[in-house]
Amino acid sequence: MRVVAAMSGGVDSAVAASRMIEAGHDVVGVHLALAKDAKTLREGARGCCTIEDAGDARRVADRLGIPFYVWDMATPFDRDVVEDFVAEYEAGRTPNPCLRCNEKIKFAALLDKALALGFDAVATGHYAQIVDGPHGRELHRAVDDAKDQSYVLGVLDEEQLARAFFPLGDTTKPDIRAEAAERGFAVAKKPDSHDICFISDGDTRGWLTQRLGEREGEIVDEGSGEVVGEHRGAYGFTVGQRRGLGLDRSGLDGQPRYVTRVEAESNRVFIGTADLLGADEIEADHVRWCGPAASGSHRLGAQIRAHGEEIPARAEVVDDGTRLLVRLDTAVRGAAPGQSIVLYDGTRVVGSGTISRASRSASPAGGGELADEAPARARPSGGDAAEEA
């Protein structure tokens, strides 16, 4: 089989490419140039897609003896990932750019180009497994729970899975690094990328301010309805956030305050105590099925962050499979519109949706307990929504 190995310049994609060769495939290495103005060097573990990364990928390809190319994907990446990220925050939502990149770039733009050039599939260094099931190929969790990336792959559909390989899913990260060292790859000890790849300094709020400008507005307490502070842009806040609110706490009751909702239309940010934060009823649109489309109501596991807790839930498919209604057994803190909810049946990924509404039912199924208390904020390599502004 003719396979394009997506090579980021890191240790995971290097080992993935080598394993595809050993499996007998005809492999060509491709590095995706995603930045319109790529930096020369990486800044520690932040960012990616620098000229240095392209050089690291090329050296691995040379060692493997395979052809290597750099494909310019900067324009679709900017349009479908970066601009989508800005638009979502401007609308008061919390996006996950990694899911969008997997959906629109790595398994759409890249895969489409590969197929047009006569290749059969794309291989990446994601930590997930593909298993041949009774109804076709299935996406499953990786054996390494700490590195599992099935959540950010939950946007892949049946046809994309049929053309995808994830050679690392049956191995732990320490063993991958050891294998890279045995193969003589210079990237064996290279730090993993983290944070949002196109915001290399990690300052999401500052980056958004440069794009959207300062927009002064009010911070309102949900309990009293009083204005308790001001902000310079509602887009800089997300549901579940606790730090960076800039409040004068002398007028509060001493309890911690969290962002409970962001009202983009009025440019107001609402805060409240922890008891106002939990959600156990979630509505989602932009539904994607990792296999045949589901219908009806099912008992499944639900996850709202890349490395968050999987919560038992009942998921109902409505509107001809275009929307999901999910009732969680335990309320979760920080479920924000714009985040993805990914559904699991055991280790198998059933599908995903983008949260459009998250609320607390009158009689919480979980007895009022809150799970997954990390605040929400988009992250990259797993998209783990936990960064505090």
# chains A, B, ... in the order shown; residues from 1 in each chain; ligands from 1
call {"tool": "residues_around", "arguments": {"residues": "stretch 139-152 of chain A", "least_positions_apart": "2", "cutoff": "6 Å", "atoms": "only C-alpha atoms", "output": "PyMOL selection string"}}
result
chain A and resi 99+127-130+154+169-170+172+306+347-349
call {"tool": "residues_around", "arguments": {"residues": "A:Gln303", "least_positions_apart": "5", "cutoff": "9 Å", "atoms": "only C-alpha atoms", "output": "NGL selection string"}}
result
:A and (151 or 308-311 or 340-344)
call {"tool": "write_last_selection", "arguments": {"atoms": "N, CA, C and O atoms", "output": "mmCIF file, in the first residue's frame"}}
result
data_model
loop_
_atom_site.group_PDB
_atom_site.id
_atom_site.type_symbol
_atom_site.label_atom_id
_atom_site.label_comp_id
_atom_site.auth_asym_id
_atom_site.auth_seq_id
_atom_site.Cartn_x
_atom_site.Cartn_y
_atom_site.Cartn_z
ATOM 1 N N TYR A 151 -9.710 11.187 21.688
ATOM 2 C CA TYR A 151 -10.657 12.302 21.819
ATOM 3 C C TYR A 151 -10.528 13.270 20.648
ATOM 4 O O TYR A 151 -11.526 13.669 20.051
ATOM 5 N N GLY A 308 -9.800 14.397 30.060
ATOM 6 C CA GLY A 308 -10.775 14.468 31.139
ATOM 7 C C GLY A 308 -11.333 13.105 31.472
ATOM 8 O O GLY A 308 -11.040 12.091 30.827
ATOM 9 N N GLU A 309 -12.159 13.076 32.500
ATOM 10 C CA GLU A 309 -12.774 11.836 32.957
ATOM 11 C C GLU A 309 -13.890 11.418 32.017
ATOM 12 O O GLU A 309 -14.633 12.264 31.507
ATOM 13 N N GLU A 310 -14.003 10.127 31.760
ATOM 14 C CA GLU A 310 -15.139 9.612 30.991
ATOM 15 C C GLU A 310 -16.306 9.393 31.947
ATOM 16 O O GLU A 310 -16.175 8.699 32.959
ATOM 17 N N ILE A 311 -17.444 10.005 31.636
ATOM 18 C CA ILE A 311 -18.618 9.953 32.512
ATOM 19 C C ILE A 311 -19.685 9.050 31.894
ATOM 20 O O ILE A 311 -20.038 9.216 30.724
ATOM 21 N N SER A 340 -15.892 19.915 22.384
ATOM 22 C CA SER A 340 -16.424 18.685 21.803
ATOM 23 C C SER A 340 -16.767 17.692 22.897
ATOM 24 O O SER A 340 -16.080 17.595 23.911
ATOM 25 N N ILE A 341 -17.848 16.962 22.679
ATOM 26 C CA ILE A 341 -18.185 15.826 23.529
ATOM 27 C C ILE A 341 -17.999 14.580 22.682
ATOM 28 O O ILE A 341 -18.527 14.487 21.568
ATOM 29 N N VAL A 342 -17.182 13.660 23.162
ATOM 30 C CA VAL A 342 -16.872 12.440 22.424
ATOM 31 C C VAL A 342 -17.468 11.254 23.168
ATOM 32 O O VAL A 342 -17.334 11.146 24.392
ATOM 33 N N LEU A 343 -18.149 10.391 22.435
ATOM 34 C CA LEU A 343 -18.861 9.256 23.012
ATOM 35 C C LEU A 343 -18.080 7.964 22.797
ATOM 36 O O LEU A 343 -17.538 7.721 21.707
ATOM 37 N N TYR A 344 -18.038 7.139 23.845
ATOM 38 C CA TYR A 344 -17.288 5.885 23.820
ATOM 39 C C TYR A 344 -18.195 4.707 24.187
ATOM 40 O O TYR A 344 -19.076 4.831 25.049
#
call {"tool": "select_by_dssp", "arguments": {"residues": "stretch 144-317 of chain A", "states": "alpha helix (DSSP H)", "output": "PyMOL selection string"}}
result
chain A and resi 158-162+173-182+204-212
call {"tool": "write_last_selection", "arguments": {"atoms": "C-alpha atoms", "output": "mmCIF file, in the first residue's frame"}}
result
data_model
loop_
_atom_site.group_PDB
_atom_site.id
_atom_site.type_symbol
_atom_site.label_atom_id
_atom_site.label_comp_id
_atom_site.auth_asym_id
_atom_site.auth_seq_id
_atom_site.Cartn_x
_atom_site.Cartn_y
_atom_site.Cartn_z
ATOM 1 C CA GLU A 158 -15.994 6.144 8.411
ATOM 2 C CA GLU A 159 -14.323 6.952 5.092
ATOM 3 C CA GLN A 160 -11.432 8.789 6.745
ATOM 4 C CA LEU A 161 -10.800 5.913 9.148
ATOM 5 C CA ALA A 162 -10.656 3.549 6.191
ATOM 6 C CA LYS A 173 5.330 6.795 25.098
ATOM 7 C CA PRO A 174 8.464 5.749 27.054
ATOM 8 C CA ASP A 175 8.769 2.700 24.808
ATOM 9 C CA ILE A 176 8.378 4.899 21.712
ATOM 10 C CA ARG A 177 11.257 7.104 22.866
ATOM 11 C CA ALA A 178 13.371 4.019 23.564
ATOM 12 C CA GLU A 179 12.573 2.667 20.096
ATOM 13 C CA ALA A 180 13.520 5.996 18.510
ATOM 14 C CA ALA A 181 16.860 5.934 20.313
ATOM 15 C CA GLU A 182 17.510 2.360 19.139
ATOM 16 C CA THR A 204 -4.085 32.950 24.251
ATOM 17 C CA ARG A 205 -5.796 36.044 25.634
ATOM 18 C CA GLY A 206 -3.018 38.343 24.382
ATOM 19 C CA TRP A 207 -3.090 36.716 20.958
ATOM 20 C CA LEU A 208 -6.860 37.127 20.709
ATOM 21 C CA THR A 209 -6.600 40.759 21.809
ATOM 22 C CA GLN A 210 -4.208 41.436 18.927
ATOM 23 C CA ARG A 211 -6.745 39.906 16.542
ATOM 24 C CA LEU A 212 -9.971 41.307 17.986
#
call {"tool": "atom_distance", "arguments": {"atom1": "atom CA of A:Lys104", "atom2": "atom CA of A:Asp84"}}
result
11.0 Å
call {"tool": "atom_distance", "arguments": {"atom1": "atom CA of A:Asp80", "atom2": "atom CA of A:Arg2"}}
result
27.3 Å
call {"tool": "closest_residue", "arguments": {"among": "A:Ile355, A:Leu34, A:Ala14, A:Leu64", "to": "A:Cys197", "atoms": "only C-alpha atoms"}}
result
A:Leu34
call {"tool": "select_by_dssp", "arguments": {"residues": "stretch 2-207 of chain A", "states": "strand (DSSP E)", "output": "NGL selection string"}}
result
:A and (2-6 or 26-33 or 68-72 or 121-123 or 129-133 or 136-140 or 164-165)
call {"tool": "write_last_selection", "arguments": {"atoms": "N, CA and C atoms", "output": "mmCIF file, in the first residue's frame"}}
result
data_model
loop_
_atom_site.group_PDB
_atom_site.id
_atom_site.type_symbol
_atom_site.label_atom_id
_atom_site.label_comp_id
_atom_site.auth_asym_id
_atom_site.auth_seq_id
_atom_site.Cartn_x
_atom_site.Cartn_y
_atom_site.Cartn_z
ATOM 1 N N ARG A 2 0.529 2.234 -0.820
ATOM 2 C CA ARG A 2 1.273 3.501 -0.869
ATOM 3 C C ARG A 2 0.732 4.446 0.203
ATOM 4 N N VAL A 3 1.617 4.869 1.103
ATOM 5 C CA VAL A 3 1.187 5.613 2.284
ATOM 6 C C VAL A 3 1.973 6.905 2.433
ATOM 7 N N VAL A 4 1.272 7.994 2.722
ATOM 8 C CA VAL A 4 1.906 9.249 3.119
ATOM 9 C C VAL A 4 2.052 9.229 4.632
ATOM 10 N N ALA A 5 3.283 9.363 5.128
ATOM 11 C CA ALA A 5 3.523 9.461 6.563
ATOM 12 C C ALA A 5 3.665 10.937 6.907
ATOM 13 N N ALA A 6 2.705 11.469 7.676
ATOM 14 C CA ALA A 6 2.784 12.865 8.096
ATOM 15 C C ALA A 6 3.880 12.981 9.144
ATOM 16 N N ASP A 26 4.803 1.117 1.003
ATOM 17 C CA ASP A 26 5.611 2.049 0.225
ATOM 18 C C ASP A 26 5.346 3.445 0.801
ATOM 19 N N VAL A 27 6.312 3.978 1.546
ATOM 20 C CA VAL A 27 6.081 5.167 2.356
ATOM 21 C C VAL A 27 6.815 6.384 1.800
ATOM 22 N N VAL A 28 6.129 7.519 1.810
ATOM 23 C CA VAL A 28 6.713 8.816 1.481
ATOM 24 C C VAL A 28 6.462 9.741 2.663
ATOM 25 N N GLY A 29 7.499 10.422 3.133
ATOM 26 C CA GLY A 29 7.369 11.346 4.245
ATOM 27 C C GLY A 29 6.927 12.722 3.773
ATOM 28 N N VAL A 30 5.967 13.308 4.499
ATOM 29 C CA VAL A 30 5.473 14.647 4.156
ATOM 30 C C VAL A 30 5.407 15.488 5.424
ATOM 31 N N HIS A 31 6.011 16.659 5.366
ATOM 32 C CA HIS A 31 5.911 17.626 6.456
ATOM 33 C C HIS A 31 4.935 18.711 6.039
ATOM 34 N N LEU A 32 3.991 19.031 6.900
ATOM 35 C CA LEU A 32 2.993 20.042 6.595
ATOM 36 C C LEU A 32 3.476 21.414 7.054
ATOM 37 N N ALA A 33 3.614 22.339 6.104
ATOM 38 C CA ALA A 33 3.955 23.721 6.427
ATOM 39 C C ALA A 33 2.651 24.455 6.696
ATOM 40 N N PHE A 68 11.022 12.555 0.678
ATOM 41 C CA PHE A 68 10.495 13.506 1.658
ATOM 42 C C PHE A 68 10.093 14.792 0.951
ATOM 43 N N TYR A 69 8.912 15.318 1.312
ATOM 44 C CA TYR A 69 8.414 16.558 0.708
ATOM 45 C C TYR A 69 7.808 17.447 1.790
ATOM 46 N N VAL A 70 7.812 18.731 1.530
ATOM 47 C CA VAL A 70 7.098 19.692 2.364
ATOM 48 C C VAL A 70 5.896 20.179 1.574
ATOM 49 N N TRP A 71 4.719 19.992 2.138
ATOM 50 C CA TRP A 71 3.491 20.428 1.471
ATOM 51 C C TRP A 71 2.957 21.674 2.172
ATOM 52 N N ASP A 72 2.715 22.704 1.413
ATOM 53 C CA ASP A 72 2.228 23.967 1.955
ATOM 54 C C ASP A 72 0.724 23.880 2.206
ATOM 55 N N ALA A 121 -3.385 5.862 1.637
ATOM 56 C CA ALA A 121 -3.714 6.166 3.028
ATOM 57 C C ALA A 121 -2.715 7.171 3.600
ATOM 58 N N VAL A 122 -3.042 7.659 4.808
ATOM 59 C CA VAL A 122 -2.181 8.565 5.566
ATOM 60 C C VAL A 122 -1.888 7.929 6.923
ATOM 61 N N ALA A 123 -0.641 7.999 7.363
ATOM 62 C CA ALA A 123 -0.248 7.507 8.681
ATOM 63 C C ALA A 123 0.249 8.678 9.522
ATOM 64 N N GLN A 129 -5.879 3.583 18.336
ATOM 65 C CA GLN A 129 -5.824 2.310 17.634
ATOM 66 C C GLN A 129 -6.997 2.170 16.666
ATOM 67 N N ILE A 130 -6.727 1.553 15.546
ATOM 68 C CA ILE A 130 -7.782 1.205 14.594
ATOM 69 C C ILE A 130 -7.926 -0.313 14.586
ATOM 70 N N VAL A 131 -9.150 -0.768 14.793
ATOM 71 C CA VAL A 131 -9.433 -2.194 14.898
ATOM 72 C C VAL A 131 -10.473 -2.557 13.848
ATOM 73 N N ASP A 132 -10.275 -3.684 13.198
ATOM 74 C CA ASP A 132 -11.273 -4.177 12.244
ATOM 75 C C ASP A 132 -12.429 -4.802 13.007
ATOM 76 N N GLY A 133 -13.604 -4.150 12.926
ATOM 77 C CA GLY A 133 -14.781 -4.639 13.634
ATOM 78 C C GLY A 133 -15.787 -5.266 12.692
ATOM 79 N N GLY A 136 -16.772 -2.724 9.948
ATOM 80 C CA GLY A 136 -15.718 -1.922 9.334
ATOM 81 C C GLY A 136 -14.661 -1.524 10.349
ATOM 82 N N ARG A 137 -13.835 -0.575 9.971
ATOM 83 C CA ARG A 137 -12.746 -0.151 10.854
ATOM 84 C C ARG A 137 -13.299 0.691 12.004
ATOM 85 N N GLU A 138 -12.764 0.445 13.196
ATOM 86 C CA GLU A 138 -13.207 1.139 14.397
ATOM 87 C C GLU A 138 -12.038 1.908 15.012
ATOM 88 N N LEU A 139 -12.330 3.062 15.584
ATOM 89 C CA LEU A 139 -11.338 3.852 16.298
ATOM 90 C C LEU A 139 -11.435 3.532 17.783
ATOM 91 N N HIS A 140 -10.293 3.174 18.395
ATOM 92 C CA HIS A 140 -10.252 2.808 19.806
ATOM 93 C C HIS A 140 -9.197 3.619 20.550
ATOM 94 N N ALA A 164 -6.761 5.635 7.181
ATOM 95 C CA ALA A 164 -5.867 6.126 8.226
ATOM 96 C C ALA A 164 -5.121 4.980 8.914
ATOM 97 N N PHE A 165 -3.883 5.278 9.329
ATOM 98 C CA PHE A 165 -3.093 4.356 10.144
ATOM 99 C C PHE A 165 -2.544 5.114 11.346
#
call {"tool": "atom_distance", "arguments": {"atom1": "atom CA of A:Glu226", "atom2": "atom CA of A:Thr94"}}
result
25.0 Å
call {"tool": "closest_residue", "arguments": {"among": "A:Gly244, A:Gly351, A:Gly125, A:Pro191", "to": "A:Val15", "atoms": "only C-alpha atoms"}}
result
A:Gly125
